[in-house]
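Engineer: Input: one structure, supplied below.
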Amino acid sequence: MKKVILRYGLYASITIVIFFTVTWVLFNNDQPDYEFQEILGYTGMILSLMFVFFGIRYYRDHINSGQLGFGEGIKLGLLIVLIPSLAFGLFDVVYVTLLDPEFMDKYYSYELNKMKNSMNEEE
């Protein structure tokens with residue numbers, strides 16, 4: 001069970017970190033397109049979380065001879081998800097503190113301008 005958790009957790013971690021890195025490299029300019037980056041980010045999350053399904057299915061079919069209880073599946077899925085969650089969190093901390101420390105200010109001003117343009121003066 002540990003091998004399956006580590007293997008599919010690492011696959012998911014690699015996927016989400018690659019998506020994060022590609023998004024940062026391609027859109028690291030003065031006027032980033034945050035909406036497109038958001039779409040790419042959610043796509044990366046969905047693709048990386050597909051490895052939970054593949055890991056559970058692999059465990060059921062190859063290791064547990066075709067049977068898997070609900071509790072065991074939940075446990076396996078949560079343990080697989082734990083690895084990419086930690087990897088994404090650590091990578092995000094590194095990104096915000098070292099790679100782009102002004103990210104929060106830039107994103108805040110972007111959202112503020114977007115709200116100002118979409119609302120009338122009374123709001």
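Simple scheme: letters A, B, ... for chains in structure tokens order, numbers from 1 for residues in each chain, numbers from 1 for ligands in the order shown.
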Please, which residues in region 24-118 of chain A fall within 7 Å of region 9-18 of chain A when counting only C-alpha atoms, and what is the closest atom pair and distance in Å to one decimal for each, ordered by chain then residue number, as a tab-separated table?

Structural biologist:
```
residue	atom	partner	partner_atom	distance
A:Gly44	CA	A:Ile16	CA	5.4
A:Met45	CA	A:Ile16	CA	6.2
A:Ser48	CA	A:Ala12	CA	4.3
A:Leu49	CA	A:Ala12	CA	6.3
A:Phe51	CA	A:Ala12	CA	5.8
A:Ile80	CA	A:Gly9	CA	4.7
A:Val81	CA	A:Gly9	CA	6.5
A:Ile83	CA	A:Gly9	CA	5.2
A:Pro84	CA	A:Ser13	CA	4.2
A:Ala87	CA	A:Ser13	CA	6.0
A:Phe88	CA	A:Val17	CA	6.7
```

Engineer: For region 20-33 of chain A, list every protein, DNA or RNA residue within 12 Å, evaluated using only C-alpha atoms, and leave out those in the same chain fewer than 4 positions away; present the list as a ChimeraX atom specification.

Structural biologist: /A:13-16,37-45,48,87-89,91-92,94-96,99-100,102-103,106-107,109-111

Engineer: Go ahead and save the residues from that selection, with C-alpha atoms, as a short mmCIF file (atom, residue, chain, number, x, y, z; two decimals), in the first residue's frame.

Structural biologist:
```
data_model
loop_
_atom_site.label_atom_id
_atom_site.label_comp_id
_atom_site.auth_asym_id
_atom_site.auth_seq_id
_atom_site.Cartn_x
_atom_site.Cartn_y
_atom_site.Cartn_z
CA SER A 13 2.90 16.14 -7.24
CA ILE A 14 5.04 16.24 -10.35
CA THR A 15 2.00 17.05 -12.49
CA ILE A 16 0.84 19.95 -10.36
CA GLN A 37 -3.68 31.24 -15.46
CA GLU A 38 -6.65 30.32 -13.28
CA ILE A 39 -7.96 27.98 -15.96
CA LEU A 40 -4.54 26.37 -16.32
CA GLY A 41 -4.26 26.04 -12.55
CA TYR A 42 -7.58 24.25 -12.20
CA THR A 43 -6.70 22.04 -15.15
CA GLY A 44 -3.46 21.07 -13.43
CA MET A 45 -5.30 20.31 -10.20
CA SER A 48 -3.05 15.71 -10.82
CA ALA A 87 4.04 19.65 -2.52
CA PHE A 88 1.76 22.38 -3.86
CA GLY A 89 1.72 24.18 -0.53
CA PHE A 91 5.95 25.21 -3.85
CA ASP A 92 3.46 28.02 -3.35
CA VAL A 94 8.60 29.22 -2.23
CA TYR A 95 6.94 31.06 -5.12
CA VAL A 96 5.39 33.79 -2.97
CA LEU A 99 10.35 33.80 -6.82
CA ASP A 100 7.70 36.54 -6.91
CA GLU A 102 5.23 41.11 -5.16
CA PHE A 103 2.63 38.61 -6.37
CA LYS A 106 0.00 42.66 -8.14
CA TYR A 107 -2.94 40.27 -7.85
CA SER A 109 -4.42 45.54 -7.64
CA TYR A 110 -5.60 43.43 -10.60
CA GLU A 111 -8.72 42.29 -8.73
#
```

Engineer: DSSP on the backbone, alpha helix (DSSP H) only: what residues of region 15-118 of chain A does that give? Format it as an NGL selection string.

Structural biologist: :A and (15-26 or 34-58 or 70-94 or 103-118)

Engineer: Can you work out which one of A:Leu76, A:Leu47, A:Met115, A:Leu6 has the shortest atom-to-atom distance to Tyr59 (chain A), counting only C-alpha atoms?

Structural biologist: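 The shortest atom-to-atom distance to Tyr59 (chain A) comes from A:Leu76.
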
Engineer: Counting only C-alpha atoms, which of A:Gln67, A:Lys114, A:Lys2, A:Glu121 gets nearest to Tyr34 (chain A)?

Structural biologist: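 Of A:Gln67, A:Lys114, A:Lys2, A:Glu121, the one nearest Tyr34 (chain A), counting only C-alpha atoms, is A:Lys114.
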